[in-house]
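Asker: One structure, pasted below without further comment.
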Amino acid sequence: MRSIRKRCEALVSIAAAGAAFAILLNGIGCQSSLPAPIPSQATPEDAPRRGGTLRIASLGEPRGFDPATAADGLSATIVNLLFDGLVDYDDHNRIIPVLAERWEVTDAGRTYRFFLREGVRFHDGEELTADDVKRSVERALHPTTPSSWASQFAAIDGFERYTEKNEPHLDGVVVEGRYVVSFRLAHPDAAFLAFLALYPTRPVCRSGGDRVSPSWHPCGAGPFRLPPDGWRRGQSVDVVRHDAYFRPGMPYLDGVRLLLLVNPTTQRFKFLEGELDFFRDLSASDATRFRNDPRWKALGDDEVDRTVTGEAMNVEMPPFDNVEVRRAVAAAIDREHYRLLKPPAISVADQPIPPAVPGHDSAIRGQRYDYAAALDHMRRAGYPYDLATGTGGYPHVIEYLAYDAGFPVFSAQILQQELAKIGLRIEIKLLSFPAFIALTHKRKRVPFSLGSWDQDYPDASDFLDTLFSSETIAQEQSPNTSFYRNEELDSLLKRAREEQDEPARLRMYKTASQIVCDEAPWAFTHYYHYYSMKQAYLRGYRPHPVRVMYMASTWLDRAGVRTAQRAAPLFRDALGSIFGSGR
């Protein structure tokens, strides 16, 4: 752990520097040359070809590949290749059958019956049956499973008895035949299909047993499998084609290699030399240069705004147990200063639901920068501050945690400057990403921290229920990192989950968003979307609206791969990585 105390003083004005840097990027982006893209030899009309290993990279390290416990986005990238679910989202954001051939909904939304595809094989050769579905669901939801997902499935009949009273089986998951399984709900849940599209309850091989074990080697029914030595910690993850996959001819790739702990500057060089086929951790400078090069522009893709980022305040710890202090923070932040740090990827946030997610409503009275209101909230909290004399405010220094990767380092300094102007003094502490996650998700441990949530499924409940419902509060691995609870909000979110009329649900979520904006367990700062680059010979890829780096249907034509060409530097390493990977 390392601390930043007065680093912002050397910058004079982060906001001004961000604006100047954005102008610099646009200018340089038109002047310095990039090597030409490596061409594809295939034509748009050519059929997909089998073969080749797709190479991607990340600056992070996954935590594990058991679908029941995988909780970080990088793990999910591999989990989505190893495990298929009963249903999933297609490229157009629609839920479609996958391991299930079809489903039906009866009993006024209380019973979901799935008819499995016959002949689906796990990686170990065993056939998928309804018994495997029930066993996998019980395994994922068992109280000994360290998962933050269990509460999402609370509508299943018998869930409370199973998770709290040690019943041996979950009564609401019923095997009706070798290939038929039903989920019986205690009450309707409009998001239930979306939850089944998530990865926690995806069927696992019988070797996974009925309880999660850290020694289990991941085994599922997805398009790729993990060899025994496929994960070399700190180096790479290699998955290979599942030859018995139920979709004929799929996947096209022989495998996917994910390189680990590769900084964005190194990723850029590897990509330009053809050593990576896909590049997602672009710095602001790199994104600008690729966008401004007409040869590369068509190979870039903007993902949708599906991530909300903000400043998470632990309402169980002072001073954020005082709602007026939280309101002061929300009003003191000029979100435009955040946006200027990385303009290609950031838009200003004023509410918890990103623009690409159903439930985002521009008519919501969201959070706004209002310095006078921030000072008034501090006065109401009992901590009046006089800017002219620099006296007053909260008398103690507040510890603020962020992870040490590019953007969070600079946004933390902006926050430090903005809050100092209302009498809140924060000490920034930077951690590795794993340490940051471990600490901020523990109860009564961290008063103030960076908050961020990536969409798991495209519904308002993914953000509101996960981040702000009291049901998701846990002693450890708590998705609700502000540990916020509000009975009115809990009741509203529960009714919204049971509401079958979509317009009525959206009205409820609008009210819920307004409650969260007003009570401010988070000060929402920005929405984030990735800009990614692909090689011309990477075919069949476009950003998935839900999945991250989902490559199951891509294919390679490497006939034109560059073998001996050094990539021209885009910037000196230090400058090229200033605004690197982190959000």
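FYI, nothing fancy with the structure tokens labels: chains A, B, ... in order, residues from 1 per chain, ligands from 1 as they appear.
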Among range 27-191 of chain A, which ones does DSSP place in helix (DSSP H, G or I), written as a ChimeraX atom specification?
Answerer: /A:27-29,73-82,107-109,130-141,150-153,159-164
Asker: Find the spatial neighbours of range 443-456 of chain A, counting only C-alpha atoms, within a cut-off of 6 Å - ignore same-chain residues fewer than 4 positions away - and output them as an mmCIF file with N, CA and C atoms, in the first residue's frame.
Answerer:
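File produced: part08.cif:
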```cif
data_model
loop_
_atom_site.group_PDB
_atom_site.id
_atom_site.type_symbol
_atom_site.label_atom_id
_atom_site.label_comp_id
_atom_site.auth_asym_id
_atom_site.auth_seq_id
_atom_site.Cartn_x
_atom_site.Cartn_y
_atom_site.Cartn_z
ATOM 1 N N ARG A 306 -21.835 0.852 -20.270
ATOM 2 C CA ARG A 306 -22.482 -0.119 -19.389
ATOM 3 C C ARG A 306 -21.781 -0.208 -18.030
ATOM 4 N N THR A 307 -20.945 0.778 -17.733
ATOM 5 C CA THR A 307 -20.242 0.825 -16.456
ATOM 6 C C THR A 307 -20.523 2.154 -15.778
ATOM 7 N N VAL A 308 -20.899 2.108 -14.518
ATOM 8 C CA VAL A 308 -21.047 3.338 -13.740
ATOM 9 C C VAL A 308 -19.923 3.385 -12.717
ATOM 10 N N THR A 309 -19.328 4.562 -12.577
ATOM 11 C CA THR A 309 -18.233 4.756 -11.632
ATOM 12 C C THR A 309 -18.565 5.944 -10.741
ATOM 13 N N GLY A 310 -18.130 5.870 -9.506
ATOM 14 C CA GLY A 310 -18.391 6.957 -8.575
ATOM 15 C C GLY A 310 -17.523 6.829 -7.341
ATOM 16 N N GLU A 311 -17.848 7.615 -6.352
ATOM 17 C CA GLU A 311 -17.134 7.591 -5.086
ATOM 18 C C GLU A 311 -18.050 6.967 -4.047
ATOM 19 N N ALA A 312 -17.676 5.783 -3.548
ATOM 20 C CA ALA A 312 -18.519 5.009 -2.639
ATOM 21 C C ALA A 312 -18.228 5.398 -1.202
ATOM 22 N N MET A 313 -19.283 5.797 -0.475
ATOM 23 C CA MET A 313 -19.155 6.233 0.913
ATOM 24 C C MET A 313 -19.785 5.198 1.829
ATOM 25 N N ASN A 314 -19.018 4.707 2.775
ATOM 26 C CA ASN A 314 -19.492 3.680 3.698
ATOM 27 C C ASN A 314 -20.399 4.339 4.740
ATOM 28 N N MET A 317 -19.810 4.148 8.615
ATOM 29 C CA MET A 317 -18.619 4.740 9.217
ATOM 30 C C MET A 317 -18.677 6.263 9.093
ATOM 31 N N TYR A 400 -9.023 7.349 1.893
ATOM 32 C CA TYR A 400 -9.688 7.041 0.621
ATOM 33 C C TYR A 400 -8.852 6.010 -0.128
ATOM 34 N N LEU A 401 -9.489 4.909 -0.545
ATOM 35 C CA LEU A 401 -8.786 3.829 -1.239
ATOM 36 C C LEU A 401 -9.129 3.807 -2.722
ATOM 37 N N ALA A 402 -8.089 3.619 -3.540
ATOM 38 C CA ALA A 402 -8.250 3.395 -4.977
ATOM 39 C C ALA A 402 -7.186 2.389 -5.391
ATOM 40 N N GLN A 475 -20.548 -9.620 5.139
ATOM 41 C CA GLN A 475 -19.376 -9.295 5.934
ATOM 42 C C GLN A 475 -18.135 -9.183 5.058
#
```
Asker: Tell me which protein, DNA and RNA residues are within 9 Å of Ala150 in chain A, counting only C-alpha atoms, leaving out same-chain ones fewer than 2 positions away, and put them as a PyMOL selection string.
Answerer: chain A and resi 140-143+145+147-148+152-154+163+200+472
Asker: Which is closer to Gly234 in chain A than all the others in A:Ala474, A:Leu489, A:Leu59, A:Val323, using only C-alpha atoms?
Answerer: A:Leu59
Asker: Excluding Leu467 in chain A and residues on its chain fewer than 4 positions from it, collect all residues at most 8 Å away from it, counting only C-alpha atoms, and give them as a PyMOL selection string.
Answerer: chain A and resi 463+472+479-482
Asker: What's the separation between CA of Arg380 in chain A and CA of Gly393 in chain A, in Å to one decimal place?
Answerer: 11.3 Å
Asker: Would you please work out which residue, of A:Tyr112, A:Tyr530, A:Phe246, A:Phe410, is nearest to Ala155 in chain A when using only C-alpha atoms?
Answerer: A:Tyr112
Asker: Env of Gly220 in chain A: 9 Å cut, atoms = only C-alpha atoms, seq-sep filter 5 positions within chain, self excluded. Answer as number ranges by chain.
Answerer: A: 82-84, 121-124, 202-205, 225
Asker: How would the residues just chosen look if you wrote them out with N, CA and C atoms as a compact mmCIF listing (two decimals), in the first residue's frame?
Answerer:
```txt
# COMPACT_ATOMS: atom_id res chain seq x y z
N LEU A 82 -15.74 -21.31 -21.01
CA LEU A 82 -15.71 -22.67 -20.50
C LEU A 82 -17.10 -23.22 -20.18
N PHE A 83 -18.04 -22.35 -19.85
CA PHE A 83 -19.35 -22.80 -19.36
C PHE A 83 -20.48 -22.14 -20.14
N ASP A 84 -21.39 -22.94 -20.64
CA ASP A 84 -22.63 -22.43 -21.22
C ASP A 84 -23.74 -22.55 -20.19
N ARG A 121 -22.55 -32.55 -24.42
CA ARG A 121 -21.47 -33.22 -23.69
C ARG A 121 -20.65 -32.22 -22.89
N PHE A 122 -20.36 -32.61 -21.65
CA PHE A 122 -19.41 -31.86 -20.86
C PHE A 122 -18.00 -32.09 -21.41
N HIS A 123 -17.05 -31.32 -20.90
CA HIS A 123 -15.66 -31.48 -21.34
C HIS A 123 -15.11 -32.86 -21.03
N ASP A 124 -15.67 -33.55 -20.02
CA ASP A 124 -15.18 -34.88 -19.68
C ASP A 124 -15.91 -35.98 -20.44
N ARG A 202 -24.42 -21.87 -14.03
CA ARG A 202 -24.18 -22.66 -15.25
C ARG A 202 -23.74 -24.08 -14.87
N PRO A 203 -24.24 -25.07 -15.60
CA PRO A 203 -23.95 -26.46 -15.25
C PRO A 203 -22.46 -26.77 -15.27
N VAL A 204 -22.02 -27.50 -14.25
CA VAL A 204 -20.64 -27.95 -14.16
C VAL A 204 -20.62 -29.48 -14.19
N CYS A 205 -19.47 -30.02 -14.57
CA CYS A 205 -19.31 -31.48 -14.64
C CYS A 205 -19.53 -32.12 -13.26
N ARG A 225 -12.33 -25.68 -23.37
CA ARG A 225 -12.03 -26.33 -22.10
C ARG A 225 -10.66 -25.88 -21.62
```
Asker: Which of these, A:Thr106, A:Gln267, A:Ser283, A:Ser513, has the shortest distance to Arg365 in chain A once you count only C-alpha atoms?
Answerer: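 Ranked by minimum distance to Arg365 in chain A, first place goes to A:Ser513.
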Asker: From the set A:Phe483, A:Phe433, A:Tyr162, A:Tyr179, which residue has the shortest atom-to-atom contact distance to Asp132 in chain A, counting only C-alpha atoms?
Answerer: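 Looking at the shortest contact to Asp132 in chain A, the residue is A:Tyr179.
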Asker: Using only C-alpha atoms, which residue out of A:Ala100, A:Ala108, A:Val173, A:Leu276 lies closest to Arg135 in chain A?
Answerer: A:Val173
Asker: Using only C-alpha atoms, which residues sit within 9 Å of Leu116 in chain A once same-chain residues fewer than 2 positions away are excluded, as a ChimeraX atom specification?
Answerer: /A:86,98-103,114,118,120,128-130,178-181
Asker: I need the residues from that last selection saved to file as an mmCIF file, in the first residue's frame (with C-alpha atoms), if you can.
Answerer:
```
data_model
loop_
_atom_site.group_PDB
_atom_site.id
_atom_site.type_symbol
_atom_site.label_atom_id
_atom_site.label_comp_id
_atom_site.auth_asym_id
_atom_site.auth_seq_id
_atom_site.Cartn_x
_atom_site.Cartn_y
_atom_site.Cartn_z
ATOM 1 C CA LEU A 86 -29.476 -22.745 -20.064
ATOM 2 C CA VAL A 98 -28.428 -22.322 -25.279
ATOM 3 C CA LEU A 99 -28.149 -25.613 -23.353
ATOM 4 C CA ALA A 100 -31.925 -25.528 -23.166
ATOM 5 C CA GLU A 101 -33.648 -26.148 -26.473
ATOM 6 C CA ARG A 102 -36.645 -24.116 -25.324
ATOM 7 C CA TRP A 103 -38.505 -22.995 -22.212
ATOM 8 C CA PHE A 114 -36.608 -25.849 -19.469
ATOM 9 C CA GLU A 118 -30.181 -34.004 -25.903
ATOM 10 C CA VAL A 120 -24.858 -32.083 -24.993
ATOM 11 C CA LEU A 128 -25.686 -33.064 -19.581
ATOM 12 C CA THR A 129 -28.934 -34.005 -17.816
ATOM 13 C CA ALA A 130 -31.526 -32.256 -15.660
ATOM 14 C CA ARG A 178 -33.825 -36.711 -17.891
ATOM 15 C CA TYR A 179 -33.978 -33.591 -20.048
ATOM 16 C CA VAL A 180 -36.603 -31.469 -18.267
ATOM 17 C CA VAL A 181 -35.981 -29.245 -15.247
#
```
Asker: Near range 247-256 of chain A, within 7 Å and counting only C-alpha atoms, which residues show up once chain neighbours fewer than 6 positions away are dropped, as number ranges by chain?
Answerer: A: 49-55, 223, 238-241, 552-555
Asker: Under the rule that only C-alpha atoms are counted, which of A:Ser207, A:Thr144, A:Gln235, A:Gln514 is the nearest residue to Asp350 in chain A?
Answerer: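 Closest candidate: A:Gln514.
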